[in-house]
file coords_8.txt (compact mmCIF, C-alpha atoms)
# COMPACT_ATOMS: atom_id res chain seq x y z
CA MET A 404 44.54 -14.17 103.38
CA GLY A 405 45.74 -13.61 99.81
CA ARG A 406 44.86 -15.76 96.70
CA ARG A 407 47.43 -18.48 96.01
CA LYS A 408 49.34 -17.82 92.82
CA THR A 409 49.50 -20.45 90.05
CA PRO A 410 53.04 -21.75 89.78
CA PRO A 411 54.77 -21.15 86.45
CA VAL A 412 55.01 -24.00 83.92
CA THR A 413 58.08 -26.03 84.60
CA VAL A 414 60.34 -27.94 82.23
CA ALA A 415 58.75 -31.13 83.47
CA ASP A 416 55.31 -29.95 82.38
CA GLY A 417 56.62 -29.20 78.88
CA ALA A 418 58.16 -32.63 78.68
CA SER A 419 54.81 -34.16 79.62
CA GLU A 420 53.13 -32.29 76.79
CA ASP A 421 55.76 -33.49 74.35
CA VAL A 422 55.27 -37.09 75.51
CA ALA A 423 51.52 -36.79 75.10
CA ALA A 424 51.91 -35.33 71.62
CA ALA A 425 54.30 -38.11 70.69
CA ALA A 426 51.83 -40.71 71.97
CA VAL A 427 49.05 -39.18 69.91
CA ALA A 428 51.28 -39.15 66.82
CA GLU A 429 52.27 -42.78 67.39
CA ALA A 430 48.66 -43.83 67.77
CA ALA A 431 47.77 -41.99 64.58
CA ALA A 432 50.65 -43.67 62.75
CA LYS A 433 49.53 -47.09 63.96
CA ALA A 434 45.97 -46.36 62.89
CA ALA A 435 47.22 -45.28 59.47
CA ALA A 436 49.31 -48.45 59.20
CA VAL A 437 46.34 -50.62 60.13
CA ALA A 438 44.18 -48.79 57.60
CA ALA A 439 46.85 -49.28 54.93
CA VAL A 440 47.05 -53.00 55.67
CA ALA A 441 43.26 -53.25 55.58
CA ALA A 442 43.18 -51.37 52.30
CA THR A 443 45.86 -53.65 50.87
CA ALA A 444 43.98 -56.74 52.03
CA ALA A 445 40.74 -55.41 50.54
CA GLU A 446 42.52 -54.68 47.27
CA ARG A 447 43.96 -58.18 47.17
CA ARG A 448 40.52 -59.65 47.79
CA ARG A 449 39.19 -57.54 44.94
CA LEU A 450 42.00 -58.70 42.67
CA TRP A 451 41.44 -62.35 43.55
CA PHE A 452 37.75 -61.97 42.86
CA ALA A 453 38.55 -60.39 39.50
CA ALA A 454 41.07 -63.16 38.72
CA ALA A 455 38.56 -65.89 39.60
CA LYS A 456 36.01 -64.22 37.27
CA PRO A 457 32.89 -65.71 38.89
CA PRO A 458 30.50 -63.62 36.74
CA MET A 459 32.15 -65.05 33.61
CA TYR A 460 30.87 -68.53 34.40
CA THR A 461 27.48 -67.49 33.10
CA VAL A 462 29.03 -68.09 29.66
CA ALA A 463 29.28 -71.76 30.68
CA VAL A 464 25.78 -72.03 32.11
CA THR A 465 23.75 -70.09 29.53
CA PRO A 466 24.50 -72.21 26.42
CA MET A 467 23.68 -75.39 28.32
CA LEU A 468 20.35 -74.01 29.54
CA VAL A 469 19.38 -72.61 26.15
CA GLY A 470 20.38 -75.79 24.31
CA THR A 471 18.44 -77.92 26.77
CA ALA A 472 15.39 -75.64 26.56
CA ALA A 473 15.52 -75.72 22.75
CA ALA A 474 15.61 -79.52 22.82
CA TYR A 475 12.71 -79.58 25.27
CA ALA A 476 10.74 -77.31 22.95
CA ALA A 477 11.37 -79.80 20.13
CA THR A 478 10.83 -83.05 22.06
CA GLY A 479 8.75 -82.28 25.12
CA ALA A 480 11.16 -84.14 27.41
CA TYR A 481 14.47 -83.56 29.16
CA SER A 482 16.78 -85.16 31.72
CA ALA A 483 17.72 -83.05 34.74
CA SER A 484 20.62 -85.36 35.61
CA ARG A 485 22.12 -85.06 32.13
CA LEU A 486 21.76 -81.27 32.30
CA GLY A 487 23.48 -81.21 35.70
CA THR A 488 26.43 -83.27 34.44
CA LEU A 489 26.70 -81.07 31.38
CA LEU A 490 26.67 -77.88 33.47
CA ALA A 491 29.48 -79.19 35.69
CA ALA A 492 31.55 -80.11 32.64
CA ALA A 493 30.93 -76.72 31.03
CA VAL A 494 32.00 -74.84 34.17
CA ALA A 495 35.20 -76.91 34.33
CA ILE A 496 35.93 -76.14 30.67
CA VAL A 497 35.47 -72.38 31.17
CA ALA A 498 37.72 -72.57 34.26
CA TRP A 499 40.34 -74.28 32.07
CA LEU A 500 39.96 -71.49 29.51
CA ASN A 501 40.35 -68.74 32.12
CA ILE A 502 43.42 -70.27 33.78
CA THR A 503 45.24 -71.13 30.57
CA ASN A 504 44.44 -67.70 29.15
CA ASP A 505 46.32 -66.08 32.05
CA VAL A 506 49.23 -68.51 31.66
CA PHE A 507 49.57 -68.09 27.91
CA ASP A 508 49.20 -64.30 28.08
CA ALA A 509 51.85 -64.14 30.80
CA ALA A 510 54.24 -65.97 28.49
CA THR A 511 53.87 -63.26 25.83
CA GLY A 512 54.07 -60.36 28.29
CA ILE A 513 50.69 -58.95 27.33
CA ASP A 514 49.46 -59.16 30.94
CA VAL A 515 52.41 -57.34 32.45
CA HIS A 516 50.09 -54.56 33.71
CA LYS A 517 47.18 -56.84 34.57
CA ALA A 518 47.15 -56.92 38.38
CA GLU A 519 44.25 -59.42 38.47
CA SER A 520 46.12 -62.05 36.43
CA LEU A 521 46.36 -65.35 38.34
CA VAL A 522 49.99 -65.64 37.29
CA ASN A 523 50.85 -62.17 38.61
CA LEU A 524 48.95 -62.67 41.87
CA LEU A 525 50.87 -65.89 42.56
CA GLY A 526 54.30 -64.44 41.84
CA GLY A 527 54.68 -64.79 38.09
CA THR A 528 57.44 -67.42 38.18
CA PRO A 529 57.81 -70.26 35.65
CA ARG A 530 56.95 -72.68 38.45
CA VAL A 531 53.67 -70.86 39.07
CA ARG A 532 52.81 -71.09 35.38
CA ARG A 533 53.52 -74.83 35.36
CA GLN A 534 51.39 -75.40 38.46
CA LEU A 535 48.51 -73.45 36.95
CA LEU A 536 48.74 -75.48 33.75
CA VAL A 537 48.55 -78.69 35.77
CA ALA A 538 45.46 -77.40 37.59
CA ALA A 539 43.84 -76.35 34.31
CA THR A 540 44.59 -79.70 32.67
CA THR A 541 43.05 -81.50 35.64
CA LEU A 542 39.87 -79.48 35.22
CA LEU A 543 39.75 -80.27 31.51
CA ALA A 544 40.24 -83.99 32.21
CA ALA A 545 37.38 -83.90 34.73
CA ALA A 546 35.16 -82.21 32.13
CA ALA A 547 36.07 -84.86 29.56
CA ALA A 548 35.16 -87.59 32.04
CA GLY A 549 31.79 -85.97 32.67
CA LEU A 550 31.08 -85.64 28.96
CA ALA A 551 32.13 -89.25 28.38
CA SER A 552 29.62 -90.41 30.99
CA LEU A 553 26.90 -88.70 28.96
CA CYS A 554 27.95 -90.68 25.90
CA VAL A 555 26.86 -93.95 27.53
CA THR A 556 23.30 -94.66 26.43
CA PRO A 557 20.63 -95.63 29.00
CA GLY A 558 21.24 -99.12 30.30
CA GLY A 559 24.83 -99.03 29.06
CA ALA A 560 23.79 -100.53 25.73
CA ALA A 561 26.18 -98.39 23.64
CA PHE A 562 28.72 -95.59 23.69
CA ASP A 563 27.84 -92.67 21.42
CA PRO A 564 30.87 -90.34 21.12
CA THR A 565 28.98 -87.70 19.11
CA LEU A 566 28.86 -85.35 22.09
CA LEU A 567 32.62 -85.67 22.58
CA VAL A 568 33.17 -84.80 18.92
CA VAL A 569 31.06 -81.64 19.15
CA MET A 570 32.40 -80.40 22.48
CA GLY A 571 35.93 -81.50 21.61
CA THR A 572 35.78 -79.29 18.52
CA ALA A 573 34.64 -76.33 20.64
CA VAL A 574 37.46 -76.92 23.15
CA ALA A 575 40.02 -77.24 20.36
CA LEU A 576 38.88 -73.88 18.99
CA GLY A 577 39.25 -72.39 22.47
CA TYR A 578 42.82 -73.62 22.66
CA ALA A 579 43.65 -72.41 19.16
CA TYR A 580 42.35 -68.97 20.14
CA GLN A 581 44.87 -68.50 22.96
CA GLY A 582 47.39 -71.32 23.07
CA PRO A 583 50.74 -71.85 21.32
CA PRO A 584 51.63 -72.26 18.56
CA PHE A 585 48.34 -70.94 17.14
CA ARG A 586 47.39 -67.91 19.28
CA LEU A 587 44.71 -66.99 16.75
CA GLY A 588 43.43 -64.31 19.10
CA TYR A 589 46.61 -62.38 18.36
CA TYR A 590 45.41 -62.09 14.75
CA GLY A 591 42.05 -60.64 15.72
CA LEU A 592 40.16 -63.93 15.27
CA GLY A 593 38.86 -64.26 18.83
CA GLU A 594 35.32 -63.11 18.09
CA PRO A 595 34.73 -65.41 15.07
CA ILE A 596 36.14 -68.34 17.04
CA THR A 597 33.85 -67.52 19.95
CA LEU A 598 30.83 -67.41 17.65
CA VAL A 599 31.59 -70.89 16.29
CA ALA A 600 32.57 -72.46 19.62
CA TRP A 601 29.49 -71.27 21.50
CA THR A 602 27.20 -72.19 18.63
CA LEU A 603 28.61 -75.72 18.92
CA ALA A 604 28.20 -75.68 22.71
CA VAL A 605 24.48 -74.95 22.41
CA GLY A 606 24.21 -77.77 19.89
CA ALA A 607 26.00 -80.11 22.28
CA ALA A 608 23.52 -79.33 25.07
CA TYR A 609 20.68 -79.83 22.61
CA TYR A 610 22.07 -83.19 21.54
CA THR A 611 22.32 -84.57 25.07
CA GLN A 612 18.53 -84.34 25.41
CA LEU A 613 17.68 -86.12 22.15
CA PRO A 614 16.58 -89.76 21.96
CA PRO A 615 19.60 -92.12 22.20
CA PRO A 616 20.77 -94.09 19.18
CA PRO A 617 19.88 -97.77 18.82
CA PRO A 618 22.61 -100.10 20.15
CA PRO A 619 25.14 -101.45 17.62
CA SER A 620 24.36 -104.78 16.05
CA ARG A 621 25.65 -107.90 17.77
CA GLY A 622 29.37 -108.39 17.22
CA SER A 623 30.04 -104.81 16.03
CA GLY A 624 31.31 -103.56 19.39
CA TRP A 625 30.03 -101.29 22.15
CA VAL A 626 31.04 -97.99 20.55
CA LEU A 627 28.78 -96.60 17.87
CA PRO A 628 30.36 -97.25 14.44
CA PRO A 629 31.71 -94.28 12.45
CA VAL A 630 28.82 -94.43 9.95
CA ALA A 631 26.27 -94.11 12.76
CA ILE A 632 28.25 -91.24 14.34
CA ALA A 633 28.33 -89.46 10.97
CA ASP A 634 24.55 -89.90 10.66
CA ARG A 635 24.02 -88.40 14.12
CA LEU A 636 26.28 -85.46 13.33
CA THR A 637 24.46 -84.90 10.05
CA SER A 638 21.08 -84.88 11.80
CA LEU A 639 22.40 -82.38 14.35
CA ALA A 640 23.79 -80.17 11.58
CA GLU A 641 20.42 -80.27 9.83
CA ALA A 642 18.76 -79.14 13.06
CA TYR A 643 20.75 -75.89 12.89
CA VAL A 644 19.18 -75.03 9.53
CA THR A 645 15.68 -76.46 10.06
CA PRO A 646 13.20 -73.97 11.55
CA ALA A 647 11.05 -76.63 13.20
CA ALA A 648 14.05 -78.10 15.05
CA GLY A 649 14.51 -74.80 16.87
CA LEU A 650 18.30 -74.94 17.27
CA GLY A 651 19.99 -72.56 14.83
CA VAL A 652 18.65 -69.19 15.98
CA PRO A 653 18.88 -69.91 19.74
CA ALA A 654 22.49 -71.01 19.25
CA LEU A 655 23.32 -67.76 17.48
CA LEU A 656 21.49 -65.78 20.17
CA VAL A 657 23.87 -67.27 22.74
CA ALA A 658 27.03 -67.07 20.66
CA LEU A 659 26.59 -63.44 19.61
CA PRO A 660 26.44 -61.87 23.10
CA THR A 661 29.32 -64.13 24.15
CA ALA A 662 31.44 -62.64 21.37
CA LEU A 663 30.35 -59.17 22.50
CA ILE A 664 31.85 -59.83 25.94
CA LEU A 665 35.20 -60.54 24.31
CA LEU A 666 34.90 -57.49 22.08
CA CYS A 667 34.19 -55.23 25.06
CA SER A 668 37.19 -56.65 26.94
CA HIS A 669 39.55 -55.16 24.34
CA LEU A 670 38.46 -51.56 24.80
CA HIS A 671 40.69 -50.70 27.78
CA GLN A 672 43.82 -52.60 26.75
CA GLY A 673 44.72 -51.21 23.35
CA ALA A 674 48.18 -50.02 24.46
CA ASP A 675 49.13 -53.38 25.98
CA ASP A 676 47.84 -55.29 22.95
CA ALA A 677 49.82 -53.09 20.57
CA ALA A 678 53.00 -53.39 22.67
CA ALA A 679 52.72 -57.20 22.63
CA GLY A 680 52.11 -57.31 18.89
CA LYS A 681 48.53 -58.50 19.28
CA ARG A 682 46.36 -57.47 16.35
CA SER A 683 43.20 -57.32 18.43
CA PRO A 684 40.15 -55.42 17.15
CA VAL A 685 41.02 -52.35 19.23
CA VAL A 686 44.49 -52.25 17.65
CA ARG A 687 43.15 -52.74 14.15
CA PHE A 688 40.07 -50.54 14.27
CA GLY A 689 40.57 -48.26 17.29
CA THR A 690 38.18 -47.82 20.18
CA ARG A 691 35.62 -46.06 18.01
CA GLY A 692 35.54 -48.97 15.59
CA VAL A 693 35.18 -51.51 18.42
CA ALA A 694 32.42 -49.44 20.03
CA GLY A 695 30.63 -49.39 16.70
CA GLY A 696 31.01 -53.16 16.49
CA VAL A 697 29.51 -53.60 19.95
CA ILE A 698 26.55 -51.38 19.12
CA ALA A 699 25.99 -53.18 15.80
CA GLY A 700 26.26 -56.55 17.54
CA VAL A 701 23.64 -55.63 20.14
CA ALA A 702 21.29 -54.35 17.45
CA SER A 703 21.83 -57.49 15.36
CA MET A 704 21.02 -59.70 18.33
CA TYR A 705 17.59 -58.18 18.83
CA LEU A 706 16.83 -57.89 15.13
CA LEU A 707 17.63 -61.59 14.77
CA GLN A 708 15.46 -62.52 17.73
CA VAL A 709 12.42 -60.62 16.49
CA GLY A 710 13.05 -61.35 12.81
CA ALA A 711 13.36 -65.10 13.41
CA TRP A 712 9.86 -65.06 14.84
CA ALA A 713 8.45 -62.79 12.14
CA VAL A 714 9.73 -64.96 9.29
CA GLY A 715 7.68 -68.14 8.90
CA GLY A 716 4.42 -69.67 7.87
CA GLU A 717 0.88 -68.90 8.88
CA GLY A 718 -0.03 -69.62 12.47
CA GLY A 719 3.60 -69.90 13.50
CA ASP A 720 4.41 -72.95 11.36
CA GLY A 721 7.91 -72.74 9.94
CA ARG A 722 9.02 -69.91 12.21
CA TRP A 723 12.65 -70.00 13.29
CA LEU A 724 11.80 -68.93 16.84
CA PRO A 725 8.59 -69.37 18.83
CA SER A 726 6.72 -66.29 19.98
CA THR A 727 7.52 -66.84 23.66
CA ALA A 728 11.25 -66.94 22.91
CA ALA A 729 11.03 -63.82 20.75
CA ALA A 730 9.10 -61.97 23.45
CA SER A 731 11.78 -62.82 26.03
CA ALA A 732 13.99 -60.17 24.41
CA VAL A 733 12.09 -57.49 26.31
CA VAL A 734 13.62 -58.61 29.62
CA SER A 735 17.18 -57.71 28.63
CA VAL A 736 16.55 -54.50 26.68
CA PRO A 737 17.43 -52.16 29.61
CA LEU A 738 20.87 -53.78 29.96
CA ALA A 739 21.38 -53.61 26.20
CA VAL A 740 20.62 -49.87 26.22
CA ARG A 741 22.98 -49.36 29.14
CA LEU A 742 25.80 -51.15 27.32
CA VAL A 743 25.27 -49.25 24.08
CA VAL A 744 25.19 -45.85 25.81
CA PHE A 745 28.19 -46.65 28.02
CA VAL A 746 30.37 -47.90 25.18
CA GLY A 747 29.33 -45.13 22.84
CA ARG A 748 30.22 -42.44 25.36
CA TRP A 749 33.35 -43.75 27.10
CA HIS A 750 35.05 -46.06 24.59
CA ALA A 751 38.15 -43.83 24.34
CA VAL A 752 38.79 -43.58 28.12
CA PRO A 753 40.48 -46.83 29.29
CA ALA A 754 40.08 -46.15 33.01
CA VAL A 755 36.33 -45.61 32.60
CA ILE A 756 35.44 -48.17 29.92
CA ARG A 757 37.03 -51.12 31.74
CA PRO A 758 33.73 -52.31 33.32
CA ALA A 759 32.06 -52.55 29.89
CA LYS A 760 32.78 -56.28 29.71
CA TYR A 761 30.94 -56.82 33.00
CA VAL A 762 27.89 -55.01 31.66
CA ALA A 763 28.13 -57.29 28.62
CA VAL A 764 28.33 -60.32 30.92
CA ARG A 765 25.15 -59.27 32.70
CA LEU A 766 23.43 -58.71 29.37
CA HIS A 767 24.56 -62.17 28.21
CA ALA A 768 23.24 -63.82 31.38
CA VAL A 769 19.87 -62.07 31.58
CA HIS A 770 19.21 -62.39 27.84
CA GLY A 771 20.19 -66.07 27.82
CA LEU A 772 18.13 -67.01 30.87
CA ALA A 773 15.09 -65.24 29.48
CA LEU A 774 15.59 -66.95 26.11
CA ALA A 775 15.80 -70.37 27.80
CA ALA A 776 12.58 -69.68 29.68
CA GLY A 777 10.86 -68.56 26.48
CA LEU A 778 11.96 -71.70 24.65
CA ALA A 779 10.88 -73.97 27.48
CA ALA A 780 7.41 -72.44 27.30
CA SER A 781 6.93 -73.75 23.75
CA ARG A 782 6.93 -77.29 22.39
CA SER A 783 6.79 -78.99 18.98
CA PRO A 784 7.00 -82.63 17.81
CA TYR A 785 9.96 -82.22 15.40
CA TRP A 786 11.99 -85.15 16.77
CA ALA A 787 9.07 -87.58 17.09
CA SER A 788 9.92 -89.24 13.78
CA ARG A 789 13.73 -88.82 13.91
CA PHE A 790 16.34 -91.33 15.01

call {"tool": "encode", "arguments": {"input": "coords_8.txt", "output": "structure tokens"}}
result
Amino acid sequence: MGRRKTPPVTVADGASEDVAAAAVAEAAAKAAAVAAVAATAAERRRLWFAAAKPPMYTVAVTPMLVGTAAAYAATGAYSASRLGTLLAAAVAIVAWLNITNDVFDAATGIDVHKAESLVNLLGGTPRVRRQLLVAATTLLAAAAAGLASLCVTPGGAAFDPTLLVVMGTAVALGYAYQGPPFRLGYYGLGEPITLVAWTLAVGAAYYTQLPPPPPPSRGSGWVLPPVAIADRLTSLAEAYVTPAAGLGVPALLVALPTALILLCSHLHQGADDAAAGKRSPVVRFGTRGVAGGVIAGVASMYLLQVGAWAVGGEGGDGRWLPSTAAASAVVSVPLAVRLVVFVGRWHAVPAVIRPAKYVAVRLHAVHGLALAAGLAASRSPYWASRF
């Protein structure tokens, strides 16, 4: 009995192969489409995270912690509830700054290529800008309410608006930096404004922990009179320039790295700044000049921290910074080195240097937290005879 021969391939068999191939191709196309959607969704999540700027809120927290720690070092006492209220108000103010910055920059066209802009993510329409301004204003009003609650002295005996004056000045500077008609950041004044505003913010946190003023005399009203407010402001100003008060150097050690964050943020956007007519540091001095400024700023920060401890009387009397606060600089040195090396090497490559501001944010946070801990570890009786 002979072996059965295999029948030849028919047209039907070829059609089956074509159908199978088509099914495989369709499945591959669907898989690619799903992957593309997933990639798009992941990219949008990344953009929303970048737009929300959660790491940037360390610039709200750090000055409040350092100011409170400096006051504790000078008085030996602090109020956790007052610190908590102040932190919430500071976070709301920085949220207001971030939202309005996107809105105001969208109006000038400088953020046209900024995918992580809140305005661009929400559609970029005038209505979107108005809605964001309403949200930002609500946050600022909430912050003002929180600050006002801190102005009421214990027992409700008086209302001391000194804190509102100090923080209000800092907020006004923040608006003048980015908002119309001033837009001082467009003239390259962002870094000096940041230095002043954050120096004031540390002073505001310091002030909230000081002994309250005596209540106004009978018949003079609940609010502290202007003369008393002026006296309080004068005493706070003196604390900035009095070594024993321990305020001036810590305030600068918070304000300086905050300004460095802003300086680093310019490095990758020179073309957009120039196109919008913004005379930012990178437009005026080029990436090499900005990189040099960042490196000099980092060096100045550590020289100030160590020098403020080194300058003073015997046994530590009269020093601008206690030894524990000076020693805290060691904690952040690795991040400082990383920032200096990164900026020095890649300042001229926008696609690579973009993360520099996030390295600066981490440096700001770690340095500030370590400084606050160092200050809290020391105490002096400077305010015992004041107020």

call {"tool": "closest_residue", "arguments": {"input": "coords_8.txt", "among": "A:Leu650, A:Val644, A:Ala732, A:Ala780", "to": "Ala608 (chain A)", "atoms": "all atoms listed in the file"}}
result
A:Leu650

call {"tool": "axis_aligned_box", "arguments": {"input": "coords_8.txt", "around": "region 569-574 of chain A", "padding_each_side": "8 Å", "output": "JSON"}}
result
{"center_x": 34.3, "center_y": -79.0, "center_z": 20.8, "size_x": 22.4, "size_y": 21.3, "size_z": 20.6}

call {"tool": "residues_around", "arguments": {"input": "coords_8.txt", "residues": "Val733 (chain A)", "least_positions_apart": "4", "cutoff": "10 Å", "atoms": "only C-alpha atoms", "output": "PyMOL selection string"}}
result
chain A and resi 705+729+737+770+773

call {"tool": "closest_atom_pairs", "arguments": {"input": "coords_8.txt", "of": "region 492-549 of chain A", "to": "region 676-685 of chain A", "cutoff": "9 Å", "atoms": "all atoms listed in the file", "output": "CSV"}}
result
residue,atom,partner,partner_atom,distance
A:Thr511,CA,A:Ala679,CA,6.9
A:Gly512,CA,A:Ala679,CA,6.6
A:Ile513,CA,A:Ala679,CA,5.4

call {"tool": "build_atoms", "arguments": {"input": "coords_8.txt", "residues": "region 754-765 of chain A", "atoms": "N, CA, C and O atoms", "output": "PDB file, in the coordinates of the input"}}
result
ATOM      1  N   ALA A 754      40.366 -46.015  31.585  1.00  0.00           N
ATOM      2  CA  ALA A 754      40.080 -46.150  33.010  1.00  0.00           C
ATOM      3  C   ALA A 754      38.582 -46.215  33.290  1.00  0.00           C
ATOM      4  O   ALA A 754      38.154 -46.794  34.285  1.00  0.00           O
ATOM      5  N   VAL A 755      37.782 -45.644  32.406  1.00  0.00           N
ATOM      6  CA  VAL A 755      36.330 -45.610  32.600  1.00  0.00           C
ATOM      7  C   VAL A 755      35.648 -46.788  31.913  1.00  0.00           C
ATOM      8  O   VAL A 755      34.706 -47.383  32.445  1.00  0.00           O
ATOM      9  N   ILE A 756      36.132 -47.170  30.738  1.00  0.00           N
ATOM     10  CA  ILE A 756      35.440 -48.170  29.920  1.00  0.00           C
ATOM     11  C   ILE A 756      35.723 -49.600  30.381  1.00  0.00           C
ATOM     12  O   ILE A 756      35.054 -50.545  29.943  1.00  0.00           O
ATOM     13  N   ARG A 757      36.658 -49.773  31.292  1.00  0.00           N
ATOM     14  CA  ARG A 757      37.030 -51.120  31.740  1.00  0.00           C
ATOM     15  C   ARG A 757      35.833 -51.987  32.161  1.00  0.00           C
ATOM     16  O   ARG A 757      35.775 -53.174  31.846  1.00  0.00           O
ATOM     17  N   PRO A 758      34.857 -51.465  32.900  1.00  0.00           N
ATOM     18  CA  PRO A 758      33.730 -52.310  33.320  1.00  0.00           C
ATOM     19  C   PRO A 758      32.764 -52.700  32.201  1.00  0.00           C
ATOM     20  O   PRO A 758      31.780 -53.403  32.463  1.00  0.00           O
ATOM     21  N   ALA A 759      33.000 -52.254  30.976  1.00  0.00           N
ATOM     22  CA  ALA A 759      32.060 -52.550  29.890  1.00  0.00           C
ATOM     23  C   ALA A 759      31.851 -54.053  29.722  1.00  0.00           C
ATOM     24  O   ALA A 759      30.733 -54.515  29.461  1.00  0.00           O
ATOM     25  N   LYS A 760      32.920 -54.828  29.900  1.00  0.00           N
ATOM     26  CA  LYS A 760      32.780 -56.280  29.710  1.00  0.00           C
ATOM     27  C   LYS A 760      31.862 -56.890  30.764  1.00  0.00           C
ATOM     28  O   LYS A 760      31.174 -57.884  30.491  1.00  0.00           O
ATOM     29  N   TYR A 761      31.818 -56.286  31.955  1.00  0.00           N
ATOM     30  CA  TYR A 761      30.940 -56.820  33.000  1.00  0.00           C
ATOM     31  C   TYR A 761      29.482 -56.484  32.719  1.00  0.00           C
ATOM     32  O   TYR A 761      28.581 -57.262  33.049  1.00  0.00           O
ATOM     33  N   VAL A 762      29.249 -55.327  32.106  1.00  0.00           N
ATOM     34  CA  VAL A 762      27.890 -55.010  31.660  1.00  0.00           C
ATOM     35  C   VAL A 762      27.469 -55.992  30.578  1.00  0.00           C
ATOM     36  O   VAL A 762      26.334 -56.485  30.556  1.00  0.00           O
ATOM     37  N   ALA A 763      28.420 -56.319  29.675  1.00  0.00           N
ATOM     38  CA  ALA A 763      28.130 -57.290  28.620  1.00  0.00           C
ATOM     39  C   ALA A 763      27.859 -58.676  29.200  1.00  0.00           C
ATOM     40  O   ALA A 763      27.015 -59.419  28.685  1.00  0.00           O
ATOM     41  N   VAL A 764      28.566 -59.034  30.257  1.00  0.00           N
ATOM     42  CA  VAL A 764      28.330 -60.320  30.920  1.00  0.00           C
ATOM     43  C   VAL A 764      26.917 -60.373  31.493  1.00  0.00           C
ATOM     44  O   VAL A 764      26.207 -61.385  31.356  1.00  0.00           O
ATOM     45  N   ARG A 765      26.501 -59.299  32.143  1.00  0.00           N
ATOM     46  CA  ARG A 765      25.150 -59.270  32.700  1.00  0.00           C
ATOM     47  C   ARG A 765      24.100 -59.341  31.601  1.00  0.00           C
ATOM     48  O   ARG A 765      23.070 -60.029  31.742  1.00  0.00           O
TER      49      ARG A 765
END
